[in-house]
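Have a look at the structure below before the remarks.
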2 protein chains.
Amino acid sequence: MNTTLETPALLLDEARMMRNVARMQSRMDQLGVAFRPHVKTSKCVEVVKRQMAAGSRGITVSTLKEAEEFFCAGINDILYAVGIVPNKLDHALKLIRDGLRLTLLLESVAMAEQVARHGAEHGVCYDVMIEIDTDGHRSGVKPDDPVLLQIAAALQGGARLKGVMTHAGASYDCNTPEALQAMAEQERSRCVAAATLLRNGGHTCEVVSVGSTPTALSAQHLDGVTEVRAGVYIFFDMVMADVGVCTIDEIAISVLCTVIGHQPDQGWVITDGGWMAMSRDLGRDHHGYGMVCDGDGQPVPELGFGKANQEHGVLQWRREPGVDITQRFPVGSSLRILPNHACATAAQHGSYHVIPQNGGDWPVWPRFNGW
Amino acid sequence: MNTTLETPALLLDEARMMRNVARMQSRMDQLGVAFRPHVKTSKCVEVVKRQMAAGSRGITVSTLKEAEEFFCAGINDILYAVGIVPNKLDHALKLIRDGLRLTLLLESVAMAEQVARHGAEHGVCYDVMIEIDTDGHRSGVKPDDPVLLQIAAALQGGARLKGVMTHAGASYDCNTPEALQAMAEQERSRCVAAATLLRNGGHTCEVVSVGSTPTALSAQHLDGVTEVRAGVYIFFDMVMADVGVCTIDEIAISVLCTVIGHQPDQGWVITDGGWMAMSRDLGRDHHGYGMVCDGDGQPVPELGFGKANQEHGVLQWRREPGVDITQRFPVGSSLRILPNHACATAAQHGSYHVIPQNGGDWPVWPRFNGW
């Protein structure tokens, strides 16, 4: 890679990303559901613009900062997909008063009552989804739990029930097409069951929202579902390759780093890409801090990335000891690392350096972090 | 904790931090060495100002961005303690031309030649330290390796040898006073030996720089050393408590989060502080994502923090199952988490919220990230 970029730097292969966008959107079109991408992966207006242009209807966010930033960028339909708490209601209220169609999430009668009261006190009606637990991996109400009806009943006055939402995070632990299809069907059927319970109880439940990258790419049908959410598909990563929903050459981001030294007797190649550049996410624990590639992005499986300090990567030569690693990977040479977890690695950086397709300048796409 | 702060938020206990500053500086004064704090931990001008006021002479940085930011804040003597590579030389040159006394680090003849050539071509003389490997944990030249003399010989024209530098990162694996003292003595004696080898070879070697938080706090004497560096002591963390150089009530930062829900049958308390707020750093792997405390900062060992998603912390009740966790930790209540690794956790945030000592407003101290 012929570049004078200061390293470490986060690189984005736009052509790969656009193929990932097209693949997911065409699948959603075939399945007949709206697609609401989760933008927590990129936190980048330039990326999300391209998802919207491809057909996304609204977005999903993981923080109110994302809601605020993307609303400023012109996106007007946003689902905040983390359970709301009292200290965020004033911020949500401000965004709604400024004109954002913001949907909140909750899973308890206590928060439903507080949200409804806050809305009534301030003269707004919050759109609310109830989180459904379809896989036992995190938050949400079980789809057959009668508390669903109590939550729905509490959402009146300053709030209204818009629908139900689930995320089958357990799909990240699958690794066969059969397991993924079964998980997608479980996610669908249980979320639809929750909607049915609510409707049978006399409540409207317009939206049935499901999704994770693995289940979105594995579902055989989505009867009863109105929208799907997925995030990491935009870049993919080594975890998704292990799950089996992408190949390594579909991974659209990598961390460019530079060799700063060696410990030849240990077989170590030391780079300026440490855990600050990669994150501490070890994925499924068998790619170390990520998959090492050469400067052009071709995998170099002979180098393992098992150890990192804040600004140092320690790569281990795993083949015959006779090779002179100081010559094979000289000081100043470039390597690129494919991330275990795209959301975590990208969050360590303030911008994407977009690889120019035909030489020339490198566009820089800013991203934001924090809350 | 009576606060309307939006969560998650990084809290700083300034009184604790100032005690940590005073403890380290008085130790350095006793040992008769200059102290050059490593500011990669805080990346915060307000914090570093207080270290300088306490007696620090110059600072250590892990990125050129830190060098640039702290130079802009008026600090003029900066050691960039990661091996320099060609793509960063123009940036270093610019900072030096702007008036910064910047010292570079390297460990190979190849980079020494490039640095000297770059300096000569651009009419500057780079101050350079040679990195010494005193513990086999990362970079650097062995203290008795004759390549030291070749590197020193290559540093002429556009560069000059300022000294030798080492970091005994292996000290993080110690956990008894005896082991720490032995590691400190190994770090000292080997770094001094490298300086002696260089001086015997006819080179000046003005600076002998050692340090890590554990060795700085454990050294019995520092004969032959001119300066010490340490970073994480400013805040301390669970890893340093495990190493044995601080107590839990000396840890000066914590992540404030809010309970967003429960899974009572699993004993789970779910918060809005996930791995994005904590980092993925698991420390020594026995505190999960950090030590759970109540809103006032008192440890709650009954809650383990073994699982996290991007914006969700999943805390596990570890005691008798009869307790109603939805009442004990209700939705909307505050918890604070002490980090495993202060450098990693702080880097996930854009600012420190300083706990007011006598009520009143919360000062916000910005920090920066990236390269």
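Residue numbers start at 1 in each chain; chains themselves are named A, B, ... in the order of the structure tokens; ligands are numbered from 1 in the order shown.
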Helix (DSSP H, G or I) call set, DSSP backbone run, region 90-254 of chain B, as a VMD selection string: chain B and resid 90 to 97 109 to 122 147 to 154 169 to 173 177 to 200 213 to 216 232 to 234 238 to 243 248 to 250
Each region 123-189 of chain B residue no farther than 9 Å from region 247-268 of chain A, nearest pair in Å, only C-alpha atoms, as JSON lines:
```
{"residue": "B:Gly136", "atom": "CA", "partner": "A:Gln263", "partner_atom": "CA", "distance": 9.0}
{"residue": "B:Arg138", "atom": "CA", "partner": "A:Gln263", "partner_atom": "CA", "distance": 7.9}
{"residue": "B:Ser139", "atom": "CA", "partner": "A:Gly261", "partner_atom": "CA", "distance": 6.9}
{"residue": "B:Gly140", "atom": "CA", "partner": "A:Gln263", "partner_atom": "CA", "distance": 7.9}
{"residue": "B:Val141", "atom": "CA", "partner": "A:Gln263", "partner_atom": "CA", "distance": 8.4}
```
Expected file contents, prior selection, N, CA and C atoms, as a PDB file, in the first residue's frame:
```
ATOM      1  N   GLY B 136      11.798  -8.367  28.468  1.00  0.00           N
ATOM      2  CA  GLY B 136      11.344  -9.318  27.451  1.00  0.00           C
ATOM      3  C   GLY B 136       9.875  -9.237  27.112  1.00  0.00           C
ATOM      4  N   ARG B 138       8.236  -6.672  25.344  1.00  0.00           N
ATOM      5  CA  ARG B 138       7.773  -5.950  24.151  1.00  0.00           C
ATOM      6  C   ARG B 138       8.949  -5.531  23.289  1.00  0.00           C
ATOM      7  N   SER B 139       9.128  -4.228  23.122  1.00  0.00           N
ATOM      8  CA  SER B 139      10.118  -3.689  22.200  1.00  0.00           C
ATOM      9  C   SER B 139      11.457  -3.473  22.884  1.00  0.00           C
ATOM     10  N   GLY B 140      12.438  -3.072  22.075  1.00  0.00           N
ATOM     11  CA  GLY B 140      13.693  -2.597  22.627  1.00  0.00           C
ATOM     12  C   GLY B 140      14.870  -3.520  22.391  1.00  0.00           C
ATOM     13  N   VAL B 141      16.050  -2.922  22.551  1.00  0.00           N
ATOM     14  CA  VAL B 141      17.316  -3.616  22.366  1.00  0.00           C
ATOM     15  C   VAL B 141      17.757  -4.158  23.725  1.00  0.00           C
TER      16      VAL B 141
END
```
So that each row is one residue of chain A with an atom at most 6 Å from chain B, can you give its shortest atom pair and the distance in Å to one decimal, using only C-alpha atoms, rows by chain and rising number, as JSON lines?
```
{"residue": "A:Thr4", "atom": "CA", "partner": "B:Asn87", "partner_atom": "CA", "distance": 5.6}
{"residue": "A:Glu6", "atom": "CA", "partner": "B:Asn87", "partner_atom": "CA", "distance": 5.4}
{"residue": "A:Gly83", "atom": "CA", "partner": "B:Ile260", "partner_atom": "CA", "distance": 5.6}
{"residue": "A:Val85", "atom": "CA", "partner": "B:Gly332", "partner_atom": "CA", "distance": 5.5}
{"residue": "A:Asn87", "atom": "CA", "partner": "B:Glu6", "partner_atom": "CA", "distance": 5.4}
{"residue": "A:Lys88", "atom": "CA", "partner": "B:Glu6", "partner_atom": "CA", "distance": 5.8}
{"residue": "A:Ile260", "atom": "CA", "partner": "B:Gly83", "partner_atom": "CA", "distance": 5.6}
{"residue": "A:Arg280", "atom": "CA", "partner": "B:Arg280", "partner_atom": "CA", "distance": 4.9}
{"residue": "A:Asp281", "atom": "CA", "partner": "B:Arg280", "partner_atom": "CA", "distance": 5.6}
{"residue": "A:Gly332", "atom": "CA", "partner": "B:Val85", "partner_atom": "CA", "distance": 5.5}
{"residue": "A:His349", "atom": "CA", "partner": "B:Gly370", "partner_atom": "CA", "distance": 5.7}
{"residue": "A:Gly370", "atom": "CA", "partner": "B:His349", "partner_atom": "CA", "distance": 5.7}
```
Selection near Thr166 (chain A), 6 Å with only C-alpha atoms, sequence-local residues under 2 positions removed, as a compact mmCIF listing (two decimals) with all heavy atoms, in the first residue's frame:
```
# COMPACT_ATOMS: atom_id res chain seq x y z
N GLU A 131 -39.67 -4.00 24.45
CA GLU A 131 -38.61 -4.95 24.09
C GLU A 131 -39.05 -6.36 24.47
O GLU A 131 -39.51 -6.60 25.59
CB GLU A 131 -37.30 -4.59 24.80
CG GLU A 131 -36.16 -5.49 24.37
CD GLU A 131 -34.79 -4.94 24.73
OE1 GLU A 131 -34.71 -3.96 25.51
OE2 GLU A 131 -33.79 -5.50 24.22
N ILE A 132 -38.87 -7.27 23.52
CA ILE A 132 -39.25 -8.68 23.72
C ILE A 132 -37.97 -9.52 23.77
O ILE A 132 -37.07 -9.34 22.95
CB ILE A 132 -40.16 -9.16 22.57
CG1 ILE A 132 -41.34 -8.21 22.36
CG2 ILE A 132 -40.62 -10.60 22.82
CD1 ILE A 132 -42.25 -8.05 23.55
N VAL A 210 -37.67 -6.94 14.17
CA VAL A 210 -36.72 -7.98 14.58
C VAL A 210 -35.36 -7.69 13.96
O VAL A 210 -35.24 -6.86 13.06
CB VAL A 210 -37.18 -9.39 14.12
CG1 VAL A 210 -38.58 -9.70 14.61
CG2 VAL A 210 -37.07 -9.55 12.62
```
Neighbours of region 13-17 of chain B within 10 Å (only C-alpha atoms; same-chain residues fewer than 3 positions away dropped), as a CSV table (one decimal) with all heavy atoms, in the first residue's frame?
```csv
chain,number,residue,atom,x,y,z
B,20,ASN,N,-3.2,10.9,44.6
B,20,ASN,CA,-2.4,10.0,43.8
B,20,ASN,C,-1.2,10.8,43.2
B,20,ASN,O,-0.1,10.3,43.1
B,20,ASN,CB,-3.2,9.4,42.6
B,20,ASN,CG,-4.3,8.5,43.2
B,20,ASN,OD1,-4.3,8.0,44.3
B,20,ASN,ND2,-5.3,8.2,42.3
B,21,VAL,N,-1.5,12.0,42.8
B,21,VAL,CA,-0.4,12.9,42.2
B,21,VAL,C,0.6,13.2,43.3
B,21,VAL,O,1.8,13.1,43.1
B,21,VAL,CB,-1.1,14.2,41.7
B,21,VAL,CG1,0.0,15.3,41.4
B,21,VAL,CG2,-1.9,14.0,40.5
B,22,ALA,N,0.1,13.5,44.5
B,22,ALA,CA,1.1,13.9,45.6
B,22,ALA,C,1.9,12.7,46.0
B,22,ALA,O,3.1,12.8,46.2
B,22,ALA,CB,0.3,14.4,46.8
B,23,ARG,N,1.3,11.5,46.1
B,23,ARG,CA,2.0,10.3,46.5
B,23,ARG,C,3.1,10.0,45.5
B,23,ARG,O,4.3,9.8,45.9
B,23,ARG,CB,1.0,9.2,46.5
B,23,ARG,CG,1.6,7.8,46.8
B,23,ARG,CD,0.6,6.7,46.8
B,23,ARG,NE,1.3,5.4,46.8
B,23,ARG,CZ,0.7,4.3,46.4
B,23,ARG,NH1,-0.6,4.3,45.9
B,23,ARG,NH2,1.3,3.1,46.4
B,47,VAL,N,-6.1,17.7,33.8
B,47,VAL,CA,-5.4,16.7,34.6
B,47,VAL,C,-3.9,17.0,34.6
B,47,VAL,O,-3.2,17.0,35.6
B,47,VAL,CB,-5.7,15.3,34.2
B,47,VAL,CG1,-4.8,14.2,34.9
B,47,VAL,CG2,-7.2,14.9,34.4
B,50,ARG,N,-2.3,19.8,36.5
B,50,ARG,CA,-2.2,19.5,37.9
B,50,ARG,C,-0.9,18.7,38.2
B,50,ARG,O,-0.3,18.8,39.2
B,50,ARG,CB,-3.4,18.8,38.5
B,50,ARG,CG,-4.6,19.8,38.7
B,50,ARG,CD,-6.0,19.2,38.7
B,50,ARG,NE,-7.0,20.1,39.0
B,50,ARG,CZ,-7.5,21.0,38.1
B,50,ARG,NH1,-7.0,21.0,36.8
B,50,ARG,NH2,-8.5,21.9,38.4
B,51,GLN,N,-0.6,17.8,37.3
B,51,GLN,CA,0.6,17.0,37.4
B,51,GLN,C,1.9,17.9,37.3
B,51,GLN,O,2.8,17.8,38.0
B,51,GLN,CB,0.7,15.9,36.4
B,51,GLN,CG,-0.3,14.8,36.6
B,51,GLN,CD,-0.4,13.8,35.4
B,51,GLN,OE1,-0.8,14.2,34.3
B,51,GLN,NE2,-0.2,12.5,35.7
B,233,TYR,N,-1.1,5.6,37.4
B,233,TYR,CA,-1.1,6.0,38.8
B,233,TYR,C,-2.1,7.2,39.0
B,233,TYR,O,-2.6,7.4,40.1
B,233,TYR,CB,0.2,6.4,39.4
B,233,TYR,CG,0.6,7.8,39.0
B,233,TYR,CD1,0.4,8.8,39.9
B,233,TYR,CD2,1.1,8.0,37.7
B,233,TYR,CE1,0.7,10.1,39.5
B,233,TYR,CE2,1.3,9.3,37.3
B,233,TYR,CZ,1.1,10.4,38.2
B,233,TYR,OH,1.4,11.7,37.8
B,234,ILE,N,-2.3,8.0,38.0
B,234,ILE,CA,-3.1,9.2,38.1
B,234,ILE,C,-4.5,8.8,38.6
B,234,ILE,O,-5.1,9.5,39.4
B,234,ILE,CB,-3.0,10.0,36.8
B,234,ILE,CG1,-3.7,11.4,37.0
B,234,ILE,CG2,-3.6,9.3,35.7
B,234,ILE,CD1,-2.9,12.4,37.8
B,235,PHE,N,-5.0,7.7,38.0
B,235,PHE,CA,-6.4,7.3,38.4
B,235,PHE,C,-6.4,6.0,39.1
B,235,PHE,O,-7.3,5.7,39.8
B,235,PHE,CB,-7.2,7.1,37.1
B,235,PHE,CG,-7.4,8.3,36.3
B,235,PHE,CD1,-7.5,8.3,34.9
B,235,PHE,CD2,-7.6,9.6,36.9
B,235,PHE,CE1,-7.7,9.4,34.1
B,235,PHE,CE2,-7.8,10.7,36.1
B,235,PHE,CZ,-7.8,10.6,34.7
B,236,PHE,N,-5.4,5.1,38.9
B,236,PHE,CA,-5.4,3.8,39.4
B,236,PHE,C,-6.6,3.0,38.8
B,236,PHE,O,-7.5,3.6,38.2
B,236,PHE,CB,-5.3,3.6,40.9
B,236,PHE,CG,-4.0,3.9,41.5
B,236,PHE,CD1,-3.8,4.9,42.5
B,236,PHE,CD2,-2.8,3.2,41.0
B,236,PHE,CE1,-2.5,5.2,43.0
B,236,PHE,CE2,-1.6,3.5,41.6
B,236,PHE,CZ,-1.4,4.5,42.6
B,249,ASP,N,-10.2,2.2,47.2
B,249,ASP,CA,-10.7,3.5,47.5
B,249,ASP,C,-9.7,4.6,47.0
B,249,ASP,O,-9.9,5.8,47.3
B,249,ASP,CB,-11.2,3.7,48.9
B,249,ASP,CG,-10.0,3.5,49.9
B,249,ASP,OD1,-8.9,3.3,49.5
B,249,ASP,OD2,-10.3,3.4,51.1
B,250,GLU,N,-8.6,4.2,46.3
B,250,GLU,CA,-7.8,5.2,45.7
B,250,GLU,C,-8.1,5.3,44.2
B,250,GLU,O,-7.5,6.2,43.5
B,250,GLU,CB,-6.3,4.8,45.9
B,250,GLU,CG,-5.8,5.0,47.3
B,250,GLU,CD,-4.4,4.5,47.5
B,250,GLU,OE1,-4.0,3.4,47.1
B,250,GLU,OE2,-3.6,5.2,48.1
B,251,ILE,N,-9.0,4.5,43.7
B,251,ILE,CA,-9.3,4.6,42.3
B,251,ILE,C,-10.2,5.8,42.0
B,251,ILE,O,-11.2,6.0,42.6
B,251,ILE,CB,-10.0,3.3,41.8
B,251,ILE,CG1,-9.1,2.1,42.0
B,251,ILE,CG2,-10.5,3.4,40.3
B,251,ILE,CD1,-9.7,0.7,41.8
B,252,ALA,N,-9.7,6.7,41.1
B,252,ALA,CA,-10.3,8.0,41.0
B,252,ALA,C,-11.3,8.2,39.9
B,252,ALA,O,-11.9,9.2,39.8
B,252,ALA,CB,-9.2,9.0,40.8
B,253,ILE,N,-11.4,7.2,39.0
B,253,ILE,CA,-12.5,7.3,38.0
B,253,ILE,C,-13.5,6.1,38.1
B,253,ILE,O,-13.1,5.0,38.6
B,253,ILE,CB,-12.0,7.4,36.5
B,253,ILE,CG1,-11.1,6.2,36.2
B,253,ILE,CG2,-11.2,8.7,36.3
B,253,ILE,CD1,-10.8,6.1,34.7
B,254,SER,N,-14.7,6.4,37.6
B,254,SER,CA,-15.7,5.3,37.6
B,254,SER,C,-16.7,5.7,36.5
B,254,SER,O,-16.7,6.8,36.1
B,254,SER,CB,-16.4,5.2,39.0
B,254,SER,OG,-17.0,6.4,39.3
B,352,TYR,N,-14.5,14.1,31.2
B,352,TYR,CA,-14.6,13.6,32.6
B,352,TYR,C,-15.6,14.5,33.3
B,352,TYR,O,-15.5,15.8,33.2
B,352,TYR,CB,-13.3,13.8,33.4
B,352,TYR,CG,-12.1,13.0,32.8
B,352,TYR,CD1,-11.3,13.6,31.8
B,352,TYR,CD2,-11.8,11.7,33.2
B,352,TYR,CE1,-10.3,12.8,31.2
B,352,TYR,CE2,-10.8,11.0,32.7
B,352,TYR,CZ,-10.0,11.6,31.7
B,352,TYR,OH,-9.0,10.8,31.1
B,353,HIS,N,-16.5,13.9,34.0
B,353,HIS,CA,-17.5,14.7,34.9
B,353,HIS,C,-16.9,14.7,36.3
B,353,HIS,O,-16.9,13.6,36.9
B,353,HIS,CB,-18.9,14.1,34.8
B,353,HIS,CG,-19.4,14.1,33.4
B,353,HIS,ND1,-20.2,15.2,32.9
B,353,HIS,CD2,-19.3,13.3,32.4
B,353,HIS,CE1,-20.5,15.0,31.7
B,353,HIS,NE2,-20.0,13.8,31.3
B,354,VAL,N,-16.5,15.8,36.7
B,354,VAL,CA,-15.8,15.9,38.0
B,354,VAL,C,-16.8,16.1,39.1
B,354,VAL,O,-17.6,17.0,39.2
B,354,VAL,CB,-14.8,17.1,38.0
B,354,VAL,CG1,-14.0,17.2,39.3
B,354,VAL,CG2,-13.9,17.1,36.8
B,355,ILE,N,-16.7,15.1,40.1
B,355,ILE,CA,-17.7,15.1,41.2
B,355,ILE,C,-17.5,16.3,42.0
B,355,ILE,O,-16.4,16.5,42.5
B,355,ILE,CB,-17.5,13.8,42.0
B,355,ILE,CG1,-17.7,12.6,41.1
B,355,ILE,CG2,-18.5,13.8,43.2
B,355,ILE,CD1,-17.3,11.3,41.8
B,356,PRO,N,-18.5,17.1,42.2
B,356,PRO,CA,-18.3,18.4,43.0
B,356,PRO,C,-18.1,18.0,44.4
B,356,PRO,O,-18.8,17.1,45.0
B,356,PRO,CB,-19.7,19.1,42.8
B,356,PRO,CG,-20.6,18.1,42.3
B,356,PRO,CD,-19.9,17.0,41.7
B,357,GLN,N,-17.2,18.7,45.1
B,357,GLN,CA,-16.8,18.3,46.4
B,357,GLN,C,-17.8,18.8,47.4
B,357,GLN,O,-18.0,18.2,48.5
B,357,GLN,CB,-15.4,18.9,46.8
B,357,GLN,CG,-14.4,18.6,45.7
B,357,GLN,CD,-13.1,18.0,46.2
B,357,GLN,OE1,-13.0,17.7,47.4
B,357,GLN,NE2,-12.1,17.8,45.3
```
Which polymer residues have any atom within 12 Å of an atom of Arg318 (chain B), counting only C-alpha atoms, with same-chain residues fewer than 2 positions away left out, as a count of residues only? 18
